[in-house]
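One file, upload.txt, carrying compact mmCIF, C-alpha atoms:
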# COMPACT_ATOMS: atom_id res chain seq x y z
CA THR A 229 0.00 0.00 0.00
CA THR A 230 2.95 2.36 0.50
CA LYS A 231 3.93 2.02 -3.18
CA ALA A 232 0.32 2.50 -4.21
CA LEU A 233 0.16 5.67 -2.14
CA ASP A 234 3.33 6.95 -3.83
CA ILE A 235 1.80 6.33 -7.26
CA VAL A 236 -1.48 8.00 -6.31
CA THR A 237 0.41 10.98 -4.88
CA LYS A 238 2.32 11.37 -8.16
CA GLY A 239 -0.94 11.13 -10.09
CA LYS A 240 -2.55 13.77 -7.89
CA ALA A 241 0.40 16.07 -8.55
CA LEU A 242 -0.61 15.94 -12.22
CA ASN A 243 -4.37 16.18 -11.60
CA GLU A 244 -5.30 17.31 -8.10
CA THR A 245 -9.07 17.16 -8.65
CA ASP A 246 -9.33 13.65 -10.12
CA LYS A 247 -12.01 11.97 -7.99
CA GLY A 248 -10.74 8.50 -8.83
CA LEU A 249 -7.31 9.34 -7.47
CA ILE A 250 -8.81 11.06 -4.43
CA ASN A 251 -10.90 7.98 -3.67
CA MET A 252 -7.91 5.65 -4.12
CA GLU A 253 -5.84 7.76 -1.76
CA LEU A 254 -8.60 7.78 0.87
CA ASP A 255 -9.02 4.02 0.54
CA ILE A 256 -5.29 3.46 1.09
CA TYR A 257 -5.26 5.64 4.20
CA LEU A 258 -8.30 3.77 5.50
CA LYS A 259 -6.65 0.39 4.91
CA GLN A 260 -3.47 1.57 6.62
CA GLY A 261 -5.43 2.71 9.67
CA LYS A 262 -4.05 6.23 9.43
CA SER A 263 -7.13 7.87 10.90
CA LYS A 264 -5.71 11.34 11.57
CA GLU A 265 -4.23 11.66 8.09
CA LEU A 266 -7.40 10.24 6.57
CA ILE A 267 -9.59 12.74 8.41
CA THR A 268 -7.48 15.61 7.07
CA LYS A 269 -7.85 14.25 3.53
CA LEU A 270 -11.58 13.64 4.03
CA ASP A 271 -12.11 17.18 5.32
CA LYS A 272 -10.71 18.46 2.03
CA ALA A 273 -12.71 15.95 -0.04
CA ILE A 274 -15.94 16.88 1.79
CA ALA A 275 -15.27 20.59 1.22
CA GLU A 276 -15.00 19.86 -2.51
CA ASP A 277 -17.95 17.45 -2.63
CA PRO A 278 -20.25 18.08 0.39
CA GLY A 279 -22.94 15.71 -0.85
CA ASN A 280 -20.70 12.64 -0.96
CA THR A 281 -21.97 10.32 1.78
CA ILE A 282 -19.06 7.91 1.35
CA TYR A 283 -16.62 10.59 2.50
CA TYR A 284 -18.71 11.30 5.61
CA PHE A 285 -18.99 7.57 6.30
CA ALA A 286 -15.23 7.02 6.10
CA ARG A 287 -14.65 10.04 8.32
CA ALA A 288 -17.21 8.84 10.87
CA ILE A 289 -15.48 5.46 11.08
CA SER A 290 -12.13 7.23 11.46
CA TYR A 291 -13.52 9.40 14.26
CA GLU A 292 -14.79 6.29 16.00
CA GLY A 293 -11.31 4.80 15.76
CA LEU A 294 -9.97 7.90 17.51
CA LYS A 295 -12.75 7.69 20.15
CA GLU A 296 -14.20 11.01 18.98
CA MET A 297 -17.79 9.78 19.20
CA ALA A 298 -19.54 13.16 19.02
CA LYS A 299 -17.83 13.89 15.69
CA ALA A 300 -18.66 10.40 14.41
CA GLU A 301 -22.29 10.87 15.41
CA ALA A 302 -22.40 14.25 13.64
CA ASP A 303 -21.11 12.66 10.44
CA TYR A 304 -23.68 9.86 10.66
CA ASP A 305 -26.36 12.53 11.13
CA LYS A 306 -25.10 14.39 8.05
CA ILE A 307 -25.18 11.19 5.99
CA LEU A 308 -28.76 10.48 7.04
CA GLU A 309 -29.70 14.10 6.28
CA ILE A 310 -28.32 13.68 2.76
CA ASP A 311 -29.66 10.14 2.29
CA PRO A 312 -32.17 8.80 4.85
CA THR A 313 -31.87 5.35 3.24
CA TYR A 314 -28.13 5.02 3.95
CA TYR A 315 -28.76 2.13 6.35
CA ASP A 316 -25.12 1.43 7.14
CA ALA A 317 -24.93 4.91 8.69
CA ALA A 318 -28.11 4.32 10.71
CA TYR A 319 -26.86 0.93 11.86
CA ASN A 320 -23.41 2.28 12.83
CA LYS A 321 -25.06 5.15 14.68
CA GLY A 322 -27.12 2.63 16.66
CA VAL A 323 -23.98 0.63 17.45
CA LEU A 324 -22.28 3.84 18.54
CA TYR A 325 -25.00 4.23 21.20
CA LEU A 326 -24.57 0.61 22.32
CA ASN A 327 -20.83 1.24 22.69
CA LYS A 328 -21.64 4.23 24.90
CA VAL A 329 -23.83 1.92 27.02
CA ALA A 330 -20.93 -0.51 27.38
CA ALA A 331 -18.67 2.35 28.48
CA LEU A 332 -21.19 3.38 31.15
CA VAL A 333 -21.46 -0.19 32.41
CA ASP A 334 -17.66 -0.41 32.58
CA GLU A 335 -17.59 2.89 34.48
CA MET A 336 -20.17 1.56 36.95
CA ASN A 337 -18.08 -1.54 37.52
CA GLU A 338 -14.84 0.41 37.92
CA LYS A 339 -16.43 2.78 40.42
CA ASN A 340 -18.11 -0.14 42.20
CA VAL A 341 -21.46 1.66 42.14
CA TYR A 342 -23.84 0.22 44.70
CA LYS A 343 -26.01 3.08 45.99
CA PRO A 344 -29.53 2.92 44.54
CA SER A 345 -29.45 6.63 43.69
CA GLU A 346 -26.21 6.22 41.73
CA ILE A 347 -27.50 3.10 40.00
CA ALA A 348 -30.69 4.96 39.03
CA LYS A 349 -28.61 7.77 37.50
CA TYR A 350 -26.66 5.31 35.37
CA GLU A 351 -29.79 3.38 34.39
CA SER A 352 -31.39 6.62 33.23
CA GLN A 353 -28.38 7.42 31.02
CA ILE A 354 -28.25 3.85 29.71
CA ASN A 355 -31.94 3.81 28.87
CA ALA A 356 -31.64 7.16 27.08
CA LEU A 357 -28.88 5.68 24.92
CA TYR A 358 -30.96 2.56 24.27
CA GLU A 359 -33.83 4.84 23.18
CA LYS A 360 -31.57 6.58 20.67
CA GLY A 361 -30.12 3.30 19.44
CA ILE A 362 -33.43 1.53 18.96
CA VAL A 363 -34.66 4.35 16.71
CA GLN A 364 -31.73 3.70 14.39
CA PHE A 365 -32.15 -0.07 14.48
CA GLU A 366 -35.89 0.17 13.81
CA ASN A 367 -35.13 2.31 10.76
CA VAL A 368 -32.75 -0.31 9.43
CA PHE A 369 -34.97 -3.29 10.32
CA GLN A 370 -38.23 -1.89 8.96
CA ASN A 371 -37.04 -0.03 5.88
CA ASN A 372 -34.06 -1.91 4.46
CA ALA A 373 -35.53 -4.37 1.99
CA ASP A 374 -32.06 -5.34 0.76
CA MET A 375 -30.80 -6.45 4.17
CA PRO A 376 -29.52 -10.03 4.12
CA GLU A 377 -31.67 -12.36 6.24
CA ASN A 378 -28.79 -13.37 8.52
CA ASP A 379 -28.07 -9.71 9.29
CA LYS A 380 -31.75 -9.00 9.88
CA PHE A 381 -31.96 -11.99 12.24
CA GLU A 382 -28.95 -10.77 14.25
CA LEU A 383 -30.39 -7.27 14.39
CA ALA A 384 -33.69 -8.68 15.65
CA GLN A 385 -31.85 -10.42 18.47
CA THR A 386 -30.21 -7.15 19.48
CA MET A 387 -33.49 -5.27 19.26
CA LYS A 388 -35.24 -7.89 21.38
CA LYS A 389 -32.71 -7.33 24.17
CA ILE A 390 -33.08 -3.57 23.97
CA TYR A 391 -36.87 -3.80 24.05
CA ALA A 392 -36.59 -6.00 27.16
CA GLN A 393 -34.32 -3.43 28.82
CA LEU A 394 -36.75 -0.64 27.94
CA GLN A 395 -39.68 -2.80 29.09
CA ARG A 396 -41.47 -2.50 25.76
CA MET A 397 -42.94 -5.93 25.98
CA ASP A 398 -45.17 -5.65 22.89
CA LYS A 399 -42.16 -4.91 20.69
CA TYR A 400 -40.09 -7.48 22.58
CA LYS A 401 -42.73 -10.09 21.72
CA ALA A 402 -42.78 -9.03 18.07
CA MET A 403 -39.00 -9.48 17.83
CA LYS A 404 -39.19 -12.79 19.68
CA ASP A 405 -41.86 -13.98 17.24
CA TYR A 406 -39.70 -12.90 14.30
CA ILE A 407 -36.70 -14.72 15.75
CA ASP A 408 -38.72 -17.86 16.45
CA ALA A 409 -40.17 -17.82 12.92
CA ASN A 410 -36.84 -17.22 11.23
CA GLY A 411 -34.47 -19.14 13.52
CA LYS A 412 -32.39 -21.98 12.26

Just give me the structure of the file as structure tokens.
Amino acid sequence: TTKALDIVTKGKALNETDKGLINMELDIYLKQGKSKELITKLDKAIAEDPGNTIYYFARAISYEGLKEMAKAEADYDKILEIDPTYYDAAYNKGVLYLNKVAALVDEMNEKNVYKPSEIAKYESQINALYEKGIVQFENVFQNNADMPENDKFELAQTMKKIYAQLQRMDKYKAMKDYIDANGK
């Protein structure tokens, strides 16, 4: 990939605005895991083509890799503003919320939280994140006709757990029924 990057860089020196070369360069940075450099390149690409959802998506993933979740969330929001049917962005945004839940649970464990008032505070934050996540997952589950069945089945399992946590038993039952009907 280093040689490929050299070749792309030479090509860009000849034609700085060639979208094919720009995309190749971004792909190489993504594959190399160079998030900071990639974000800088993506910032420039987005400035030149603000409607390109792929650039926002790559930048959101890069922000996640750098643990800059608010910036990742903002990019997912921008993608969904441009294209509400970009289900990978909705799904990743839902996962982002689940990762925040995991971080809160880890924090509770590290702090050895045991007071009911402290537990209630964390549960409130966790449930708020589950509420945000389930909205994204419902969008993907209900509206993505092209979703592979295995992926839809796994998403249903996740949604069932969230519905149980949120005590939405009617939706929990609907997911359970879907899982039972489509299980292997």

Original post:
Got a sec to check which residues sit within 12 Å of (-19.9, -0.1, 24.2), counting only C-alpha atoms, and write them as a PyMOL selection string?
Top reply: chain A and resi 292+295+297+322-335+354+357-358+361

List as CSV every residue of range 290-360 of chain A that is in contact with range 262-284 of chain A, defined as an atom at most 10 Å from one of its atoms (using all atoms listed in the file), together with the nearest atom pair and the distance in Å rounded to one decimal, sorted by chain and then rising number.
residue,atom,partner,partner_atom,distance
A:Ser290,CA,A:Ser263,CA,5.1
A:Tyr291,CA,A:Ser263,CA,7.4
A:Glu292,CA,A:Ser263,CA,9.3
A:Gly293,CA,A:Ser263,CA,7.1
A:Leu294,CA,A:Ser263,CA,7.2
A:Ala300,CA,A:Tyr284,CA,8.8
A:Ala302,CA,A:Tyr284,CA,9.3
A:Asp303,CA,A:Tyr284,CA,5.6
A:Tyr304,CA,A:Tyr284,CA,7.2
A:Asp305,CA,A:Tyr284,CA,9.5
A:Lys306,CA,A:Tyr284,CA,7.5
A:Ile307,CA,A:Thr281,CA,5.4
A:Leu308,CA,A:Thr281,CA,8.6
A:Glu309,CA,A:Thr281,CA,9.7
A:Ile310,CA,A:Gly279,CA,6.8
A:Asp311,CA,A:Thr281,CA,7.7
A:Tyr314,CA,A:Thr281,CA,8.4
A:Ala317,CA,A:Thr281,CA,9.3

Using the selection just defined, write its residues with C-alpha atoms as a compact mmCIF listing (two decimals), in the coordinates of the input.
# COMPACT_ATOMS: atom_id res chain seq x y z
CA SER A 290 -12.13 7.23 11.46
CA TYR A 291 -13.52 9.40 14.26
CA GLU A 292 -14.79 6.29 16.00
CA GLY A 293 -11.31 4.80 15.76
CA LEU A 294 -9.97 7.90 17.51
CA ALA A 300 -18.66 10.40 14.41
CA ALA A 302 -22.40 14.25 13.64
CA ASP A 303 -21.11 12.66 10.44
CA TYR A 304 -23.68 9.86 10.66
CA ASP A 305 -26.36 12.53 11.13
CA LYS A 306 -25.10 14.39 8.05
CA ILE A 307 -25.18 11.19 5.99
CA LEU A 308 -28.76 10.48 7.04
CA GLU A 309 -29.70 14.10 6.28
CA ILE A 310 -28.32 13.68 2.76
CA ASP A 311 -29.66 10.14 2.29
CA TYR A 314 -28.13 5.02 3.95
CA ALA A 317 -24.93 4.91 8.69

Name the residues in contact with range 403-405 of chain A at a cut-off of 10 Å, using only C-alpha atoms, excluding same-chain residues fewer than 2 positions from it; report them as an mmCIF file with C-alpha atoms, keeping the file's coordinate frame.
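Okay, this is what ended up in result18.cif:
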data_model
loop_
_atom_site.group_PDB
_atom_site.id
_atom_site.type_symbol
_atom_site.label_atom_id
_atom_site.label_comp_id
_atom_site.auth_asym_id
_atom_site.auth_seq_id
_atom_site.Cartn_x
_atom_site.Cartn_y
_atom_site.Cartn_z
ATOM 1 C CA PHE A 381 -31.960 -11.990 12.240
ATOM 2 C CA LEU A 383 -30.390 -7.270 14.390
ATOM 3 C CA ALA A 384 -33.690 -8.680 15.650
ATOM 4 C CA GLN A 385 -31.850 -10.420 18.470
ATOM 5 C CA THR A 386 -30.210 -7.150 19.480
ATOM 6 C CA MET A 387 -33.490 -5.270 19.260
ATOM 7 C CA LYS A 388 -35.240 -7.890 21.380
ATOM 8 C CA LYS A 389 -32.710 -7.330 24.170
ATOM 9 C CA TYR A 391 -36.870 -3.800 24.050
ATOM 10 C CA MET A 397 -42.940 -5.930 25.980
ATOM 11 C CA ASP A 398 -45.170 -5.650 22.890
ATOM 12 C CA LYS A 399 -42.160 -4.910 20.690
ATOM 13 C CA TYR A 400 -40.090 -7.480 22.580
ATOM 14 C CA LYS A 401 -42.730 -10.090 21.720
ATOM 15 C CA ILE A 407 -36.700 -14.720 15.750
ATOM 16 C CA ASP A 408 -38.720 -17.860 16.450
ATOM 17 C CA ALA A 409 -40.170 -17.820 12.920
ATOM 18 C CA ASN A 410 -36.840 -17.220 11.230
ATOM 19 C CA GLY A 411 -34.470 -19.140 13.520
#

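Distance-wise, CA of Met375 in chain A and CA of Asn320 in chain A end up 14.3 Å apart.
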
Original post:
Pick the closest to Lys360 in chain A from A:Ile289, A:Ala298, A:Ile390, A:Ala402: which is it, counting only C-alpha atoms?
Top reply: A:Ile390

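Nearest to Asp374 in chain A of all the residues A:Glu296, A:Glu346, A:Asp316, A:Glu301 is A:Asp316, counting all atoms listed in the file.
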
Please report, as lines of an AutoDock Vina configuration file, the centre and edge lengths in Å to one decimal of an axis-aligned box covering all listed atoms of range 384-397 of chain A with 5 Å per side.
center_x = -36.6
center_y = -5.5
center_z = 22.4
size_x = 22.7
size_y = 19.8
size_z = 23.4

**OP:** Would you mind reading off the distance between CA of Tyr350 in chain A and CA of Glu382 in chain A, one decimal, in Å?
**Re:** 26.6 Å

**OP:** For CA of Lys343 in chain A and CA of Ala356 in chain A, determine how far apart the two atoms are, in Å to one decimal place.
**Re:**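 These two atoms are separated by 20.1 Å.
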
Subject >> Gln364 in chain A environment, 8 Å, only C-alpha atoms, sequence neighbours closer than 5 positions dropped, as a ChimeraX atom specification >> reply: /A:318-319,321-322
